[in-house]
Amino acid sequence: MTGSPAGGAAAVPGPRAAGDQGAVADGGGGLRTLALIESPVQLLNLLEWVHAQRTAGALSVADCTVVVLPPRDPMSRGQLRRMAELARDEGLALRWCEPRTATAGPVRTLAGLTPLLLRAKRLVLGDPFSRFVQTLLPLTRARDLVVIDDGTATMEFVALIADGQRLVRWHRAGRGLRDAAFAAVAANARRRLTAGPNRRVELFSSMPVTPPPGTRLHVNHLAWTRARFGPPAVRRGADLIGTSLVETGVVEPDAYLAAVRGIAAAHGATRYFAHRREREDKLRRLSAETGLEIVRPDLPLELVARRGPIGARLLSFPSTVVHTLPLALDGTGVEVAVCEVDPTWLTSGASPRAHGFLSGITSAARSRHGLGAIRNPVAVTS
């Protein structure tokens, strides 16, 4: 199993947590922009937002502090470290916090972030569905709120805000005790992220969304990604892009394996770019039964694809990349194709919204980017 594709990012030092503690204040003693980031893709899209703001003359990086709240899984943390180095190269000040690593982690993080949240005039969020972020929202006095792209979750965020529903991820059934206990916090987060007379809300996204009333939409064209990397070398053949639908409990493992095996055989794919949340045991089984070379990208796939080498055809299940890769690879001649998830692949515990949401991602990508369709292979469910 390879750690990174040819041409991928070289290893870099870990986050300089101890040295990145100073928030940058404006002349009046109040922090201008505070960003809360929890994943590599969110940090990538923050860099895209910063690039767009700087190009328009609307932001100085000296006025922006980024707080990174990393998840537990090692692959996400590794990608975040590498993205942090890119962010520092762009002049951003980063603070690396650890709310999930110990019992007292959330308490310490909350105490450290409260002064920043109270001072910030503009708050930039990478994941409005995050329960930790939703818990922090009541502490902010910011009247400018920006939701940057977190991939396909942005589509669900917009739909829930427009319908006045509380913010619960699409793949969650939402019927557990923890969901019930957190319902009031999620409902409050939805109110705070709804534009109003004294609150401006901006959405920065590459997804096909219609903003809710009062919310401003700025389209993310991945201009920083294209300017910073590439164009890539394009290799013959196809690459298959993995998904975490099994890990999130949406798709049955045997059905997914059979689908991957069928797609690889039908389209001559030789490499499988694993999602950062895919489990090692699943990937070992996939490699053994399909013969695919497993690649663990060390950066978000949009950057890996721009650096290259990348296959002439990229095959994907419905996910964020079927919307972002056509933008990142515009003009390179690389084709992106998408395979719809068959309803028979879903687990018994999958959310009732799951299939409709995944189908919407697929149909929107085909319509918007003219993506090719991959015929559903025969899947064997357990």
# chains A, B, ... in the order shown; residues from 1 in each chain; ligands from 1
>>> residues_around(residues="A:Ile241", least_positions_apart="5", cutoff="8 Å", atoms="only C-alpha atoms", output="compact mmCIF listing (two decimals) with C-alpha atoms, in the first residue's frame")
# COMPACT_ATOMS: atom_id res chain seq x y z
CA TYR A 272 -7.33 3.11 -6.10
CA PHE A 273 -7.06 6.48 -4.35
CA ALA A 274 -8.32 5.79 -0.85
CA HIS A 275 -10.50 8.22 1.06
CA LEU A 314 -10.97 9.18 -13.09
CA LEU A 315 -13.80 6.93 -11.90
CA SER A 316 -15.70 7.92 -8.78
CA PHE A 317 -18.74 7.12 -6.69
>>> closest_atom_pairs(of="stretch 73-173 of chain A", to="stretch 41-47 of chain A", cutoff="8 Å", atoms="only C-alpha atoms", output="Markdown table")
| residue | atom | partner | partner_atom | distance |
| --- | --- | --- | --- | --- |
| A:Leu80 | CA | A:Leu43 | CA | 7.7 |
| A:Met83 | CA | A:Leu43 | CA | 6.8 |
| A:Ala84 | CA | A:Leu43 | CA | 7.8 |
| A:Ala87 | CA | A:Leu47 | CA | 6.8 |
| A:Gly126 | CA | A:Gln42 | CA | 5.2 |
| A:Asp127 | CA | A:Gln42 | CA | 7.6 |
| A:Ile148 | CA | A:Asn45 | CA | 6.4 |
| A:Asp149 | CA | A:Asn45 | CA | 6.0 |
| A:Asp150 | CA | A:Gln42 | CA | 5.5 |
| A:Gly151 | CA | A:Val41 | CA | 7.7 |
>>> closest_residue(among="A:Thr114, A:Thr210, A:Ser348, A:Thr101", to="A:Leu69", atoms="only C-alpha atoms")
A:Thr101
>>> residues_around(residues="stretch 305-308 of chain A", least_positions_apart="3", cutoff="6 Å", atoms="only C-alpha atoms", output="short mmCIF file (atom, residue, chain, number, x, y, z; two decimals) with N, CA and C atoms, in the first residue's frame")
data_model
loop_
_atom_site.label_atom_id
_atom_site.label_comp_id
_atom_site.auth_asym_id
_atom_site.auth_seq_id
_atom_site.Cartn_x
_atom_site.Cartn_y
_atom_site.Cartn_z
N GLY A 7 4.89 12.02 -7.27
CA GLY A 7 4.67 13.45 -7.38
C GLY A 7 3.93 14.04 -6.20
N PHE A 229 -0.55 24.68 -8.40
CA PHE A 229 -0.07 23.35 -8.78
C PHE A 229 -0.39 23.07 -10.25
N GLY A 230 0.50 22.22 -10.85
CA GLY A 230 0.21 21.70 -12.17
C GLY A 230 0.67 22.62 -13.29
N PRO A 231 0.24 22.29 -14.54
CA PRO A 231 -0.65 21.18 -14.88
C PRO A 231 0.02 19.82 -14.70
N PRO A 232 -0.76 18.78 -14.49
CA PRO A 232 -0.19 17.47 -14.16
C PRO A 232 0.23 16.68 -15.39
N ALA A 233 1.13 15.74 -15.17
CA ALA A 233 1.39 14.72 -16.18
C ALA A 233 0.21 13.74 -16.16
N LEU A 301 -7.40 15.29 -2.70
CA LEU A 301 -7.23 14.72 -4.04
C LEU A 301 -7.16 15.79 -5.12
N GLU A 302 -7.79 16.94 -4.90
CA GLU A 302 -7.72 18.01 -5.89
C GLU A 302 -6.27 18.46 -6.10
#
>>> atom_distance(atom1="atom CA of A:Val185", atom2="atom CA of A:Pro128")
11.7 Å
>>> residues_around(residues="stretch 121-124 of chain A", least_positions_apart="3", cutoff="9 Å", atoms="only C-alpha atoms", output="list in words")
Gly30, Leu31, Arg32, Thr33, Leu34, Ala35, Leu36, Ile37, Leu46, Val66, Leu117, Leu118, Thr140, Arg141, Ala142, Arg143, Asp144, Leu145, Val146, Val147 and Ile148 of chain A
>>> closest_residue(among="A:His355, A:His51, A:Arg368, A:Arg169", to="A:Glu340", atoms="only C-alpha atoms")
A:His355
>>> atom_distance(atom1="atom CA of A:Glu289", atom2="atom CA of A:Val234")
26.7 Å
>>> select_by_dssp(residues="stretch 93-246 of chain A", states="strand (DSSP E)", output="ChimeraX atom specification")
/A:93-96,122-125,144-148,200-205,216-219,234-241
>>> closest_residue(among="A:Ala223, A:Leu329, A:Ala258, A:Val250", to="A:Glu48", atoms="only C-alpha atoms")
A:Ala223
>>> select_by_dssp(residues="stretch 93-162 of chain A", states="helix (DSSP H, G or I)", output="count of residues only")
34
>>> residues_around(residues="A:Leu286", least_positions_apart="3", cutoff="10 Å", atoms="only C-alpha atoms", output="list in words")
Tyr256, Leu257, Ala258, Val260, Arg261, Tyr272, Glu280, Asp281, Lys282, Leu283, Glu289, Thr290, Gly291, Leu292, Glu293 and Ile294 of chain A
>>> write_last_selection(atoms="N, CA, C and O atoms", output="mmCIF file, in the first residue's frame")
data_model
loop_
_atom_site.group_PDB
_atom_site.id
_atom_site.type_symbol
_atom_site.label_atom_id
_atom_site.label_comp_id
_atom_site.auth_asym_id
_atom_site.auth_seq_id
_atom_site.Cartn_x
_atom_site.Cartn_y
_atom_site.Cartn_z
ATOM 1 N N TYR A 256 -19.969 -2.910 -1.727
ATOM 2 C CA TYR A 256 -18.962 -1.954 -2.183
ATOM 3 C C TYR A 256 -17.787 -2.671 -2.837
ATOM 4 O O TYR A 256 -17.304 -2.260 -3.911
ATOM 5 N N LEU A 257 -17.325 -3.739 -2.218
ATOM 6 C CA LEU A 257 -16.216 -4.494 -2.778
ATOM 7 C C LEU A 257 -16.560 -5.032 -4.163
ATOM 8 O O LEU A 257 -15.754 -4.950 -5.104
ATOM 9 N N ALA A 258 -17.766 -5.583 -4.300
ATOM 10 C CA ALA A 258 -18.179 -6.109 -5.600
ATOM 11 C C ALA A 258 -18.268 -4.998 -6.646
ATOM 12 O O ALA A 258 -17.908 -5.192 -7.808
ATOM 13 N N VAL A 260 -16.517 -2.121 -6.677
ATOM 14 C CA VAL A 260 -15.142 -1.728 -7.029
ATOM 15 C C VAL A 260 -14.513 -2.751 -7.961
ATOM 16 O O VAL A 260 -13.880 -2.398 -8.966
ATOM 17 N N ARG A 261 -14.697 -4.032 -7.649
ATOM 18 C CA ARG A 261 -14.143 -5.086 -8.487
ATOM 19 C C ARG A 261 -14.716 -5.015 -9.901
ATOM 20 O O ARG A 261 -13.976 -5.117 -10.892
ATOM 21 N N TYR A 272 -6.163 2.744 -6.904
ATOM 22 C CA TYR A 272 -7.327 3.109 -6.099
ATOM 23 C C TYR A 272 -6.880 4.175 -5.104
ATOM 24 O O TYR A 272 -6.053 3.911 -4.225
ATOM 25 N N GLU A 280 -8.046 0.435 7.232
ATOM 26 C CA GLU A 280 -6.945 -0.351 6.674
ATOM 27 C C GLU A 280 -7.382 -1.774 6.344
ATOM 28 O O GLU A 280 -6.969 -2.327 5.317
ATOM 29 N N ASP A 281 -8.196 -2.410 7.208
ATOM 30 C CA ASP A 281 -8.599 -3.783 6.923
ATOM 31 C C ASP A 281 -9.446 -3.875 5.662
ATOM 32 O O ASP A 281 -9.304 -4.805 4.871
ATOM 33 N N LYS A 282 -10.299 -2.894 5.441
ATOM 34 C CA LYS A 282 -11.093 -2.850 4.213
ATOM 35 C C LYS A 282 -10.199 -2.679 2.992
ATOM 36 O O LYS A 282 -10.380 -3.352 1.970
ATOM 37 N N LEU A 283 -9.201 -1.816 3.090
ATOM 38 C CA LEU A 283 -8.312 -1.568 1.951
ATOM 39 C C LEU A 283 -7.442 -2.783 1.645
ATOM 40 O O LEU A 283 -7.170 -3.081 0.473
ATOM 41 N N GLU A 289 -8.389 -8.706 -3.298
ATOM 42 C CA GLU A 289 -9.431 -9.288 -4.136
ATOM 43 C C GLU A 289 -9.584 -8.609 -5.496
ATOM 44 O O GLU A 289 -10.236 -9.152 -6.378
ATOM 45 N N THR A 290 -8.991 -7.434 -5.667
ATOM 46 C CA THR A 290 -9.128 -6.740 -6.955
ATOM 47 C C THR A 290 -7.792 -6.565 -7.676
ATOM 48 O O THR A 290 -7.780 -6.319 -8.878
ATOM 49 N N GLY A 291 -6.681 -6.637 -6.937
ATOM 50 C CA GLY A 291 -5.373 -6.399 -7.543
ATOM 51 C C GLY A 291 -5.041 -4.930 -7.723
ATOM 52 O O GLY A 291 -3.994 -4.595 -8.279
ATOM 53 N N LEU A 292 -5.895 -4.039 -7.239
ATOM 54 C CA LEU A 292 -5.640 -2.608 -7.371
ATOM 55 C C LEU A 292 -4.495 -2.170 -6.458
ATOM 56 O O LEU A 292 -4.350 -2.668 -5.337
ATOM 57 N N GLU A 293 -3.688 -1.245 -6.940
ATOM 58 C CA GLU A 293 -2.683 -0.602 -6.098
ATOM 59 C C GLU A 293 -3.382 0.449 -5.243
ATOM 60 O O GLU A 293 -4.035 1.355 -5.775
ATOM 61 N N ILE A 294 -3.267 0.344 -3.935
ATOM 62 C CA ILE A 294 -3.919 1.289 -3.036
ATOM 63 C C ILE A 294 -2.987 2.472 -2.789
ATOM 64 O O ILE A 294 -1.841 2.298 -2.375
#
>>> closest_residue(among="A:Ser319, A:Thr194, A:Thr55, A:Ser76", to="A:Ser244", atoms="only C-alpha atoms")
A:Ser319
>>> closest_residue(among="A:Val246, A:Val304, A:Val158, A:Leu94", to="A:Gln79", atoms="only C-alpha atoms")
A:Val304
>>> closest_residue(among="A:Ile361, A:Leu299, A:Arg277, A:Ser367", to="A:Pro74", atoms="only C-alpha atoms")
A:Arg277
>>> atom_distance(atom1="atom CA of A:Glu252", atom2="atom CA of A:Ala288")
18.3 Å
>>> residues_around(residues="stretch 163-168 of chain A", least_positions_apart="4", cutoff="12 Å", atoms="only C-alpha atoms", output="PDB file with N, CA and C atoms, in the first residue's frame")
ATOM      1  N   ASP A 127     -17.198  23.595   8.881  1.00  0.00           N
ATOM      2  CA  ASP A 127     -18.190  22.520   9.020  1.00  0.00           C
ATOM      3  C   ASP A 127     -19.314  22.959   9.945  1.00  0.00           C
ATOM      4  N   PRO A 128     -20.412  23.471   9.410  1.00  0.00           N
ATOM      5  CA  PRO A 128     -21.528  23.899  10.265  1.00  0.00           C
ATOM      6  C   PRO A 128     -22.240  22.742  10.940  1.00  0.00           C
ATOM      7  N   PHE A 129     -21.969  21.487  10.496  1.00  0.00           N
ATOM      8  CA  PHE A 129     -22.578  20.316  11.120  1.00  0.00           C
ATOM      9  C   PHE A 129     -21.791  19.829  12.341  1.00  0.00           C
ATOM     10  N   SER A 130     -20.572  20.298  12.511  1.00  0.00           N
ATOM     11  CA  SER A 130     -19.736  19.855  13.617  1.00  0.00           C
ATOM     12  C   SER A 130     -20.388  20.204  14.950  1.00  0.00           C
ATOM     13  N   ARG A 131     -20.527  19.198  15.806  1.00  0.00           N
ATOM     14  CA  ARG A 131     -21.146  19.460  17.104  1.00  0.00           C
ATOM     15  C   ARG A 131     -20.278  20.358  17.967  1.00  0.00           C
ATOM     16  N   VAL A 133     -18.262  22.755  16.841  1.00  0.00           N
ATOM     17  CA  VAL A 133     -18.431  24.107  16.305  1.00  0.00           C
ATOM     18  C   VAL A 133     -19.804  24.662  16.682  1.00  0.00           C
ATOM     19  N   GLN A 134     -20.840  23.848  16.608  1.00  0.00           N
ATOM     20  CA  GLN A 134     -22.172  24.313  16.986  1.00  0.00           C
ATOM     21  C   GLN A 134     -22.215  24.741  18.450  1.00  0.00           C
ATOM     22  N   ALA A 153     -21.453  18.121   1.831  1.00  0.00           N
ATOM     23  CA  ALA A 153     -22.205  18.533   3.018  1.00  0.00           C
ATOM     24  C   ALA A 153     -22.771  19.932   2.856  1.00  0.00           C
ATOM     25  N   THR A 154     -22.134  20.749   2.016  1.00  0.00           N
ATOM     26  CA  THR A 154     -22.630  22.097   1.774  1.00  0.00           C
ATOM     27  C   THR A 154     -24.011  22.063   1.129  1.00  0.00           C
ATOM     28  N   MET A 155     -24.245  21.100   0.249  1.00  0.00           N
ATOM     29  CA  MET A 155     -25.544  20.975  -0.395  1.00  0.00           C
ATOM     30  C   MET A 155     -26.626  20.698   0.640  1.00  0.00           C
ATOM     31  N   GLU A 156     -26.323  19.824   1.598  1.00  0.00           N
ATOM     32  CA  GLU A 156     -27.289  19.507   2.642  1.00  0.00           C
ATOM     33  C   GLU A 156     -27.474  20.694   3.584  1.00  0.00           C
ATOM     34  N   PHE A 157     -26.407  21.399   3.889  1.00  0.00           N
ATOM     35  CA  PHE A 157     -26.494  22.577   4.740  1.00  0.00           C
ATOM     36  C   PHE A 157     -27.456  23.607   4.153  1.00  0.00           C
ATOM     37  N   VAL A 158     -27.312  23.886   2.878  1.00  0.00           N
ATOM     38  CA  VAL A 158     -28.167  24.879   2.225  1.00  0.00           C
ATOM     39  C   VAL A 158     -29.632  24.441   2.258  1.00  0.00           C
ATOM     40  N   ALA A 159     -29.878  23.163   1.978  1.00  0.00           N
ATOM     41  CA  ALA A 159     -31.255  22.662   1.969  1.00  0.00           C
ATOM     42  C   ALA A 159     -31.886  22.761   3.352  1.00  0.00           C
ATOM     43  N   ARG A 172     -26.868  10.550   8.920  1.00  0.00           N
ATOM     44  CA  ARG A 172     -27.278  10.180  10.270  1.00  0.00           C
ATOM     45  C   ARG A 172     -28.792  10.003  10.316  1.00  0.00           C
ATOM     46  N   ALA A 173     -29.247   8.917  10.954  1.00  0.00           N
ATOM     47  CA  ALA A 173     -30.684   8.699  11.080  1.00  0.00           C
ATOM     48  C   ALA A 173     -31.319   9.744  11.998  1.00  0.00           C
ATOM     49  N   GLY A 174     -30.536  10.268  12.961  1.00  0.00           N
ATOM     50  CA  GLY A 174     -31.031  11.339  13.813  1.00  0.00           C
ATOM     51  C   GLY A 174     -32.022  10.903  14.870  1.00  0.00           C
ATOM     52  N   ARG A 175     -32.021   9.623  15.231  1.00  0.00           N
ATOM     53  CA  ARG A 175     -33.016   9.136  16.185  1.00  0.00           C
ATOM     54  C   ARG A 175     -32.387   8.639  17.491  1.00  0.00           C
ATOM     55  N   GLY A 176     -31.080   8.760  17.653  1.00  0.00           N
ATOM     56  CA  GLY A 176     -30.428   8.268  18.861  1.00  0.00           C
ATOM     57  C   GLY A 176     -30.581   9.225  20.027  1.00  0.00           C
ATOM     58  N   ARG A 178     -28.169  10.613  21.768  1.00  0.00           N
ATOM     59  CA  ARG A 178     -27.262  11.755  21.635  1.00  0.00           C
ATOM     60  C   ARG A 178     -27.831  12.798  20.686  1.00  0.00           C
ATOM     61  N   ASP A 179     -28.476  12.330  19.606  1.00  0.00           N
ATOM     62  CA  ASP A 179     -29.101  13.272  18.667  1.00  0.00           C
ATOM     63  C   ASP A 179     -30.212  14.065  19.353  1.00  0.00           C
ATOM     64  N   ALA A 180     -31.013  13.368  20.142  1.00  0.00           N
ATOM     65  CA  ALA A 180     -32.103  14.036  20.849  1.00  0.00           C
ATOM     66  C   ALA A 180     -31.568  15.049  21.852  1.00  0.00           C
ATOM     67  N   PHE A 182     -28.806  16.656  21.709  1.00  0.00           N
ATOM     68  CA  PHE A 182     -28.122  17.763  21.041  1.00  0.00           C
ATOM     69  C   PHE A 182     -29.065  18.581  20.164  1.00  0.00           C
ATOM     70  N   ALA A 183     -30.346  18.222  20.118  1.00  0.00           N
ATOM     71  CA  ALA A 183     -31.284  18.862  19.201  1.00  0.00           C
ATOM     72  C   ALA A 183     -31.367  20.371  19.406  1.00  0.00           C
ATOM     73  N   ALA A 184     -31.373  20.824  20.653  1.00  0.00           N
ATOM     74  CA  ALA A 184     -31.491  22.252  20.916  1.00  0.00           C
ATOM     75  C   ALA A 184     -30.274  23.018  20.415  1.00  0.00           C
ATOM     76  N   VAL A 185     -29.071  22.421  20.579  1.00  0.00           N
ATOM     77  CA  VAL A 185     -27.844  23.067  20.101  1.00  0.00           C
ATOM     78  C   VAL A 185     -27.865  23.169  18.574  1.00  0.00           C
ATOM     79  N   ALA A 186     -28.278  22.086  17.903  1.00  0.00           N
ATOM     80  CA  ALA A 186     -28.346  22.088  16.438  1.00  0.00           C
ATOM     81  C   ALA A 186     -29.366  23.104  15.928  1.00  0.00           C
ATOM     82  N   ALA A 187     -30.487  23.219  16.627  1.00  0.00           N
ATOM     83  CA  ALA A 187     -31.508  24.192  16.223  1.00  0.00           C
ATOM     84  C   ALA A 187     -30.992  25.618  16.401  1.00  0.00           C
ATOM     85  N   ASN A 188     -30.256  25.867  17.480  1.00  0.00           N
ATOM     86  CA  ASN A 188     -29.671  27.185  17.697  1.00  0.00           C
ATOM     87  C   ASN A 188     -28.629  27.508  16.632  1.00  0.00           C
ATOM     88  N   ALA A 189     -27.840  26.510  16.241  1.00  0.00           N
ATOM     89  CA  ALA A 189     -26.840  26.723  15.186  1.00  0.00           C
ATOM     90  C   ALA A 189     -27.511  27.103  13.874  1.00  0.00           C
ATOM     91  N   ARG A 190     -28.624  26.448  13.570  1.00  0.00           N
ATOM     92  CA  ARG A 190     -29.343  26.796  12.341  1.00  0.00           C
ATOM     93  C   ARG A 190     -29.813  28.248  12.380  1.00  0.00           C
ATOM     94  N   ARG A 191     -30.324  28.708  13.533  1.00  0.00           N
ATOM     95  CA  ARG A 191     -30.778  30.101  13.631  1.00  0.00           C
ATOM     96  C   ARG A 191     -29.615  31.073  13.456  1.00  0.00           C
ATOM     97  N   ARG A 192     -28.476  30.753  14.067  1.00  0.00           N
ATOM     98  CA  ARG A 192     -27.332  31.656  13.981  1.00  0.00           C
ATOM     99  C   ARG A 192     -26.710  31.687  12.589  1.00  0.00           C
ATOM    100  N   LEU A 193     -26.921  30.640  11.799  1.00  0.00           N
ATOM    101  CA  LEU A 193     -26.373  30.593  10.438  1.00  0.00           C
ATOM    102  C   LEU A 193     -27.405  30.965   9.397  1.00  0.00           C
ATOM    103  N   THR A 194     -28.493  31.541   9.837  1.00  0.00           N
ATOM    104  CA  THR A 194     -29.522  32.065   8.934  1.00  0.00           C
ATOM    105  C   THR A 194     -29.376  33.575   8.873  1.00  0.00           C
ATOM    106  N   ALA A 195     -29.280  34.128   7.668  1.00  0.00           N
ATOM    107  CA  ALA A 195     -29.096  35.570   7.508  1.00  0.00           C
ATOM    108  C   ALA A 195     -30.278  36.336   8.088  1.00  0.00           C
ATOM    109  N   PRO A 211     -28.367  29.652  -2.816  1.00  0.00           N
ATOM    110  CA  PRO A 211     -28.286  30.114  -1.419  1.00  0.00           C
ATOM    111  C   PRO A 211     -29.663  30.412  -0.842  1.00  0.00           C
ATOM    112  N   PRO A 212     -29.837  30.186   0.443  1.00  0.00           N
ATOM    113  CA  PRO A 212     -31.095  30.558   1.103  1.00  0.00           C
ATOM    114  C   PRO A 212     -31.310  32.064   1.020  1.00  0.00           C
ATOM    115  N   PRO A 213     -32.537  32.531   1.191  1.00  0.00           N
ATOM    116  CA  PRO A 213     -32.807  33.971   1.141  1.00  0.00           C
ATOM    117  C   PRO A 213     -31.919  34.751   2.102  1.00  0.00           C
ATOM    118  N   SER A 351     -29.666   6.165   6.554  1.00  0.00           N
ATOM    119  CA  SER A 351     -30.693   7.200   6.680  1.00  0.00           C
ATOM    120  C   SER A 351     -31.661   7.126   5.500  1.00  0.00           C
ATOM    121  N   ARG A 353     -32.725   9.442   3.942  1.00  0.00           N
ATOM    122  CA  ARG A 353     -32.322  10.476   2.981  1.00  0.00           C
ATOM    123  C   ARG A 353     -31.144  10.051   2.113  1.00  0.00           C
TER     124      ARG A 353
END
>>> decode(residues="stretch 361-375 of chain A", atoms="N, CA and C atoms", output="PDB file, in the first residue's frame")
ATOM      1  N   ILE A 361     -26.303  14.181  -5.925  1.00  0.00           N
ATOM      2  CA  ILE A 361     -24.912  14.518  -6.217  1.00  0.00           C
ATOM      3  C   ILE A 361     -24.544  14.065  -7.624  1.00  0.00           C
ATOM      4  N   THR A 362     -24.954  12.838  -7.957  1.00  0.00           N
ATOM      5  CA  THR A 362     -24.617  12.264  -9.266  1.00  0.00           C
ATOM      6  C   THR A 362     -25.265  13.037 -10.398  1.00  0.00           C
ATOM      7  N   SER A 363     -26.570  13.260 -10.303  1.00  0.00           N
ATOM      8  CA  SER A 363     -27.279  13.929 -11.400  1.00  0.00           C
ATOM      9  C   SER A 363     -26.798  15.370 -11.570  1.00  0.00           C
ATOM     10  N   ALA A 364     -26.515  16.055 -10.462  1.00  0.00           N
ATOM     11  CA  ALA A 364     -26.024  17.428 -10.557  1.00  0.00           C
ATOM     12  C   ALA A 364     -24.655  17.490 -11.220  1.00  0.00           C
ATOM     13  N   ALA A 365     -23.780  16.537 -10.901  1.00  0.00           N
ATOM     14  CA  ALA A 365     -22.444  16.521 -11.503  1.00  0.00           C
ATOM     15  C   ALA A 365     -22.512  16.222 -12.994  1.00  0.00           C
ATOM     16  N   ARG A 366     -23.372  15.301 -13.369  1.00  0.00           N
ATOM     17  CA  ARG A 366     -23.521  14.986 -14.793  1.00  0.00           C
ATOM     18  C   ARG A 366     -24.057  16.180 -15.562  1.00  0.00           C
ATOM     19  N   SER A 367     -25.037  16.852 -14.979  1.00  0.00           N
ATOM     20  CA  SER A 367     -25.645  18.001 -15.649  1.00  0.00           C
ATOM     21  C   SER A 367     -24.696  19.185 -15.707  1.00  0.00           C
ATOM     22  N   ARG A 368     -24.027  19.456 -14.598  1.00  0.00           N
ATOM     23  CA  ARG A 368     -23.201  20.656 -14.508  1.00  0.00           C
ATOM     24  C   ARG A 368     -21.877  20.526 -15.251  1.00  0.00           C
ATOM     25  N   HIS A 369     -21.251  19.366 -15.151  1.00  0.00           N
ATOM     26  CA  HIS A 369     -19.915  19.187 -15.719  1.00  0.00           C
ATOM     27  C   HIS A 369     -19.891  18.255 -16.929  1.00  0.00           C
ATOM     28  N   GLY A 370     -21.029  17.704 -17.288  1.00  0.00           N
ATOM     29  CA  GLY A 370     -21.073  16.787 -18.422  1.00  0.00           C
ATOM     30  C   GLY A 370     -20.296  15.514 -18.187  1.00  0.00           C
ATOM     31  N   LEU A 371     -20.311  15.007 -16.946  1.00  0.00           N
ATOM     32  CA  LEU A 371     -19.524  13.823 -16.627  1.00  0.00           C
ATOM     33  C   LEU A 371     -20.098  12.584 -17.298  1.00  0.00           C
ATOM     34  N   GLY A 372     -19.196  11.665 -17.644  1.00  0.00           N
ATOM     35  CA  GLY A 372     -19.621  10.381 -18.160  1.00  0.00           C
ATOM     36  C   GLY A 372     -20.230   9.535 -17.060  1.00  0.00           C
ATOM     37  N   ALA A 373     -21.056   8.574 -17.444  1.00  0.00           N
ATOM     38  CA  ALA A 373     -21.707   7.684 -16.489  1.00  0.00           C
ATOM     39  C   ALA A 373     -21.031   6.319 -16.519  1.00  0.00           C
ATOM     40  N   ILE A 374     -20.862   5.739 -15.333  1.00  0.00           N
ATOM     41  CA  ILE A 374     -20.358   4.386 -15.230  1.00  0.00           C
ATOM     42  C   ILE A 374     -21.538   3.464 -14.960  1.00  0.00           C
ATOM     43  N   ARG A 375     -21.696   2.467 -15.791  1.00  0.00           N
ATOM     44  CA  ARG A 375     -22.797   1.550 -15.599  1.00  0.00           C
ATOM     45  C   ARG A 375     -22.615   0.814 -14.271  1.00  0.00           C
TER      46      ARG A 375
END
